[in-house]
Amino acid sequence: MYTANTGARGSVRKVTVPEVRARKNSGPKIAMVTAYDYTMARLVDESGVDMILVGDSVGMVVQGLTNTIPVTLDEICYHGRAVCRGVARAHVVGDMPFMSYQTSPIQAVESAGKMLKEGQFESVKLEGGEAFAEHVHGIVRASIPVVGHVGLTPQSVHALGGFKVQGRGDEAAEQVIRDAKALEQAGAFCIVLEAIPPDVADQVTRAVNVPTIGIGAGAGCDGQVLVCTDLLGMSRGHSPKFAKQFAQLGDAAVSAFKQYVNEVRAGEFPGAEHSYKPNHGELVEAEEKMAASGEGGVVVPFMR
Ligand code: KIV
């Protein structure tokens, strides 16, 4: 038996696309976090985060892959449905997986449409700049809001030669700026800037009229995004420089599991407080006697 799903918090108002866009000028900065399941999404949403991204990082964080390339559209939709059940307030964005949009603008519109219909997303994110502006334009024309993503684009890990900082040197920096401008022109309502020098991110942020959301791009962006397990200190192994741990839940989880193992082995768990009342316990027998004698005792069929 699991803790029951009591649904997302009833009367909370959703963060909308126009509101996110307006934060470029009005602030405050936009806080975005990834989530991949109902339980995490509910906790993240309760914190007051503005946007939740069901990233294709699900491949690395949840599936244990070494990159995001194998993640499929059906998998993203499955995680989208789970996340949306736990979210009342935050705007929920879905990452378009590798090869779900690259082939053509038509493929991009069809995949984005499927993500809204089957994944319950409110917008989609795709990686790439100038080369995918037409794809973004097509999706936006279909009334599907788009988040852009430039700088380090993890789906291009092989072409880039690894997960490396992008935009180093004047020429590379100019390209990142051109990419961001092309996305803005195509209708993206905000743009993720990943792993670029902070001064380049500042230039991009000044060059476009939509919010920039940085990850490894310094403090000058209009918002920030982190992977939930990095933020919570749950990731094991190499962690990128920008991944600040705001808690050490990984260590806390291991020590809780250890305590559980010890208590099970010692016969200490479960104690009486975590066990149902026994069939022939005193209370149960008293209730049964009352019912049998017609004294008005009601035996409620609750779980003892
Ligand atoms: O997939 C992901 O989690 C992302 C963020 C790192 C921006 O794209």
# chains A, B, ... in the order shown; residues from 1 in each chain; ligands from 1

$ residues_around --residues "Glu122 (chain A)" --least-positions-apart "2" --cutoff "8 Å" --atoms "only C-alpha atoms" --output "PDB file with N, CA and C atoms, in the first residue's frame"
ATOM      1  N   HIS A  91       4.323  26.362 -14.150  1.00  0.00           N
ATOM      2  CA  HIS A  91       4.142  26.094 -15.575  1.00  0.00           C
ATOM      3  C   HIS A  91       4.995  24.859 -15.915  1.00  0.00           C
ATOM      4  N   VAL A  92       4.408  23.895 -16.614  1.00  0.00           N
ATOM      5  CA  VAL A  92       5.129  22.632 -16.873  1.00  0.00           C
ATOM      6  C   VAL A  92       5.582  22.552 -18.341  1.00  0.00           C
ATOM      7  N   VAL A  93       6.903  22.429 -18.512  1.00  0.00           N
ATOM      8  CA  VAL A  93       7.535  22.380 -19.838  1.00  0.00           C
ATOM      9  C   VAL A  93       8.042  20.963 -20.098  1.00  0.00           C
ATOM     10  N   GLY A  94       7.871  20.483 -21.313  1.00  0.00           N
ATOM     11  CA  GLY A  94       8.399  19.165 -21.675  1.00  0.00           C
ATOM     12  C   GLY A  94       9.527  19.293 -22.686  1.00  0.00           C
ATOM     13  N   LEU A 116       1.582  17.889 -25.927  1.00  0.00           N
ATOM     14  CA  LEU A 116       0.492  18.579 -25.222  1.00  0.00           C
ATOM     15  C   LEU A 116      -0.694  17.642 -24.988  1.00  0.00           C
ATOM     16  N   GLN A 120       0.415  16.141 -21.410  1.00  0.00           N
ATOM     17  CA  GLN A 120      -0.235  17.215 -20.631  1.00  0.00           C
ATOM     18  C   GLN A 120       0.667  18.424 -20.398  1.00  0.00           C
ATOM     19  N   VAL A 124       6.743  23.339 -24.796  1.00  0.00           N
ATOM     20  CA  VAL A 124       7.808  22.379 -25.107  1.00  0.00           C
ATOM     21  C   VAL A 124       9.140  23.118 -25.192  1.00  0.00           C
ATOM     22  N   ILE A 144       1.468  26.431 -29.762  1.00  0.00           N
ATOM     23  CA  ILE A 144       2.175  25.692 -28.712  1.00  0.00           C
ATOM     24  C   ILE A 144       3.378  26.541 -28.290  1.00  0.00           C
ATOM     25  N   PRO A 145       3.407  27.004 -27.031  1.00  0.00           N
ATOM     26  CA  PRO A 145       4.532  27.834 -26.593  1.00  0.00           C
ATOM     27  C   PRO A 145       5.846  27.040 -26.579  1.00  0.00           C
TER      28      PRO A 145
END

$ residues_near_ligand --ligand "ligand 1" --cutoff "6 Å" --atoms "only C-alpha atoms and all ligand atoms" --output "list in words"
Thr34, Gly55, Asp56, Ser57 and Val227 of chain A

$ write_last_selection --atoms "C-alpha atoms" --output "JSON list (two decimals), in the first residue's frame"
[["chain", "number", "residue", "atom", "x", "y", "z"],
["A", 34, "THR", "CA", 13.38, 19.66, -13.30],
["A", 55, "GLY", "CA", 13.87, 17.35, -19.04],
["A", 56, "ASP", "CA", 15.28, 14.65, -21.27],
["A", 57, "SER", "CA", 17.84, 14.52, -18.45],
["A", 227, "VAL", "CA", 18.23, 19.42, -12.15]]

$ closest_residue --among "A:Gln155, A:Gln203, A:Thr229, A:Gln185" --to "Val62 (chain A)" --atoms "only C-alpha atoms"
A:Thr229

$ closest_residue --among "A:Pro28, A:Gly113, A:Pro70, A:Gly167" --to "Gln224 (chain A)" --atoms "only C-alpha atoms"
A:Pro28

$ closest_residue --among "A:Ala266, A:Val176, A:Ala31, A:Met234" --to "Ala253 (chain A)" --atoms "only C-alpha atoms"
A:Met234

$ select_by_dssp --residues "region 47-282 of chain A" --states "strand (DSSP E)" --output "PyMOL selection string"
chain A and resi 51-54+91-95+123-125+146-151+190-194+212-215+223-226

$ atom_distance --atom1 "CA of Val140 (chain A)" --atom2 "CA of Phe189 (chain A)"
9.4 Å

$ closest_residue --among "A:Leu249, A:Ala217, A:Leu53, A:Val109" --to "Leu232 (chain A)" --atoms "only C-alpha atoms"
A:Leu249

$ select_by_dssp --residues "region 16-196 of chain A" --states "alpha helix (DSSP H)" --output "JSON, numbers by chain"
{"A": [17, 18, 19, 20, 21, 22, 23, 24, 25, 26, 38, 39, 40, 41, 42, 43, 44, 45, 46, 58, 59, 60, 61, 73, 74, 75, 76, 77, 78, 79, 80, 81, 82, 83, 84, 85, 105, 106, 107, 108, 109, 110, 111, 112, 113, 114, 115, 116, 117, 118, 119, 133, 134, 135, 136, 137, 138, 139, 140, 141, 157, 158, 159, 160, 170, 171, 172, 173, 174, 175, 176, 177, 178, 179, 180, 181, 182, 183, 184, 185, 186]}

$ residues_around --residues "Gly148 (chain A)" --least-positions-apart "4" --cutoff "6 Å" --atoms "only C-alpha atoms" --output "mmCIF file with N, CA and C atoms, in the first residue's frame"
data_model
loop_
_atom_site.group_PDB
_atom_site.id
_atom_site.type_symbol
_atom_site.label_atom_id
_atom_site.label_comp_id
_atom_site.auth_asym_id
_atom_site.auth_seq_id
_atom_site.Cartn_x
_atom_site.Cartn_y
_atom_site.Cartn_z
ATOM 1 N N LYS A 125 10.226 22.391 -24.960
ATOM 2 C CA LYS A 125 11.570 22.969 -25.103
ATOM 3 C C LYS A 125 12.332 22.158 -26.144
ATOM 4 N N LEU A 126 13.063 22.836 -26.970
ATOM 5 C CA LEU A 126 13.923 22.106 -27.908
ATOM 6 C C LEU A 126 15.283 22.757 -28.001
ATOM 7 N N ALA A 188 9.990 31.972 -29.652
ATOM 8 C CA ALA A 188 10.228 31.335 -28.341
ATOM 9 C C ALA A 188 9.908 32.340 -27.245
ATOM 10 N N ILE A 191 14.366 31.447 -23.174
ATOM 11 C CA ILE A 191 15.483 30.695 -23.768
ATOM 12 C C ILE A 191 16.432 30.210 -22.671
ATOM 13 N N VAL A 192 16.676 28.900 -22.628
ATOM 14 C CA VAL A 192 17.655 28.336 -21.691
ATOM 15 C C VAL A 192 19.058 28.548 -22.276
#

$ residues_around --residues "Glu110 (chain A)" --least-positions-apart "3" --cutoff "9 Å" --atoms "only C-alpha atoms" --output "compact mmCIF listing (two decimals) with all heavy atoms, in the first residue's frame"
# COMPACT_ATOMS: atom_id res chain seq x y z
N SER A 100 12.93 13.85 -32.29
CA SER A 100 11.47 14.02 -32.32
C SER A 100 11.11 15.30 -33.05
O SER A 100 9.92 15.60 -33.24
CB SER A 100 10.89 14.03 -30.90
OG SER A 100 11.25 15.24 -30.23
N TYR A 101 12.13 16.12 -33.41
CA TYR A 101 11.83 17.40 -34.08
C TYR A 101 12.86 17.79 -35.13
O TYR A 101 12.61 18.64 -35.98
CB TYR A 101 11.74 18.53 -33.05
CG TYR A 101 13.04 18.78 -32.28
CD1 TYR A 101 13.96 19.74 -32.71
CD2 TYR A 101 13.36 18.06 -31.14
CE1 TYR A 101 15.14 19.97 -32.00
CE2 TYR A 101 14.53 18.28 -30.44
CZ TYR A 101 15.41 19.23 -30.87
OH TYR A 101 16.58 19.45 -30.18
N PRO A 105 10.22 20.80 -39.82
CA PRO A 105 9.25 21.57 -39.04
C PRO A 105 7.94 20.81 -38.85
O PRO A 105 7.30 20.92 -37.81
CB PRO A 105 9.06 22.84 -39.88
CG PRO A 105 10.34 23.00 -40.61
CD PRO A 105 10.79 21.60 -40.94
N ILE A 106 7.54 20.02 -39.84
CA ILE A 106 6.28 19.26 -39.71
C ILE A 106 6.42 18.22 -38.59
O ILE A 106 5.54 18.08 -37.74
CB ILE A 106 5.89 18.60 -41.05
CG1 ILE A 106 5.48 19.68 -42.04
CG2 ILE A 106 4.76 17.58 -40.86
CD1 ILE A 106 5.20 19.20 -43.44
N GLN A 107 7.55 17.53 -38.60
CA GLN A 107 7.77 16.53 -37.54
C GLN A 107 7.75 17.22 -36.17
O GLN A 107 7.20 16.71 -35.19
CB GLN A 107 9.12 15.82 -37.75
CG GLN A 107 9.34 14.67 -36.75
CD GLN A 107 10.80 14.39 -36.44
OE1 GLN A 107 11.66 15.27 -36.60
NE2 GLN A 107 11.08 13.18 -35.98
N GLY A 113 2.70 18.62 -30.63
CA GLY A 113 1.26 18.42 -30.44
C GLY A 113 1.01 17.18 -29.59
O GLY A 113 0.18 17.20 -28.66
N LYS A 114 1.73 16.12 -29.88
CA LYS A 114 1.58 14.88 -29.09
C LYS A 114 1.95 15.14 -27.62
O LYS A 114 1.31 14.63 -26.70
CB LYS A 114 2.49 13.80 -29.69
CG LYS A 114 2.44 12.46 -28.96
CD LYS A 114 3.34 11.43 -29.66
CE LYS A 114 3.70 10.29 -28.73
NZ LYS A 114 3.05 9.03 -29.03
N MET A 115 2.97 15.98 -27.41
CA MET A 115 3.40 16.26 -26.03
C MET A 115 2.31 17.00 -25.24
O MET A 115 2.15 16.78 -24.05
CB MET A 115 4.72 17.03 -26.04
CG MET A 115 5.90 16.13 -26.42
SD MET A 115 7.45 16.99 -26.62
CE MET A 115 7.76 17.55 -24.96
N ILE A 139 5.96 25.38 -34.65
CA ILE A 139 5.30 24.95 -33.41
C ILE A 139 4.51 26.11 -32.80
O ILE A 139 3.37 25.95 -32.37
CB ILE A 139 6.34 24.41 -32.39
CG1 ILE A 139 7.11 23.22 -32.97
CG2 ILE A 139 5.66 24.00 -31.10
CD1 ILE A 139 8.29 22.76 -32.11

$ residues_around --residues "Ala90 (chain A)" --least-positions-apart "5" --cutoff "7 Å" --atoms "only C-alpha atoms" --output "ChimeraX atom specification"
/A:14-15,45,49-52

$ residues_around --residues "Gly216 (chain A)" --least-positions-apart "2" --cutoff "12 Å" --atoms "only C-alpha atoms" --output "PyMOL selection string"
chain A and resi 150-152+163-166+192-201+213-214+218-221+223-227+239-244

$ residues_around --residues "Phe246 (chain A)" --least-positions-apart "6" --cutoff "9 Å" --atoms "only C-alpha atoms" --output "PyMOL selection string"
chain A and resi 230-233

$ write_last_selection --atoms "N, CA, C and O atoms" --output "mmCIF file, in the first residue's frame"
data_model
loop_
_atom_site.group_PDB
_atom_site.id
_atom_site.type_symbol
_atom_site.label_atom_id
_atom_site.label_comp_id
_atom_site.auth_asym_id
_atom_site.auth_seq_id
_atom_site.Cartn_x
_atom_site.Cartn_y
_atom_site.Cartn_z
ATOM 1 N N ASP A 230 20.387 17.172 -8.506
ATOM 2 C CA ASP A 230 21.637 17.921 -8.236
ATOM 3 C C ASP A 230 21.386 18.898 -7.091
ATOM 4 O O ASP A 230 22.153 18.990 -6.136
ATOM 5 N N LEU A 231 20.287 19.640 -7.215
ATOM 6 C CA LEU A 231 19.932 20.676 -6.221
ATOM 7 C C LEU A 231 19.783 20.062 -4.819
ATOM 8 O O LEU A 231 20.174 20.661 -3.816
ATOM 9 N N LEU A 232 19.232 18.847 -4.776
ATOM 10 C CA LEU A 232 18.969 18.212 -3.478
ATOM 11 C C LEU A 232 20.157 17.396 -2.967
ATOM 12 O O LEU A 232 20.092 16.796 -1.893
ATOM 13 N N GLY A 233 21.240 17.364 -3.752
ATOM 14 C CA GLY A 233 22.413 16.582 -3.319
ATOM 15 C C GLY A 233 22.135 15.090 -3.343
ATOM 16 O O GLY A 233 22.619 14.343 -2.506
#

$ closest_residue --among "A:Lys24, A:Val83, A:Thr72, A:Leu183" --to "Tyr38 (chain A)" --atoms "only C-alpha atoms"
A:Val83

$ atom_distance --atom1 "CA of Gly129 (chain A)" --atom2 "CA of Thr103 (chain A)"
14.8 Å

$ closest_residue --among "A:Arg21, A:Arg168, A:His79, A:Arg89" --to "Gly48 (chain A)" --atoms "only C-alpha atoms"
A:Arg89

$ atom_distance --atom1 "CA of Ser26 (chain A)" --atom2 "CA of Val147 (chain A)"
19.1 Å
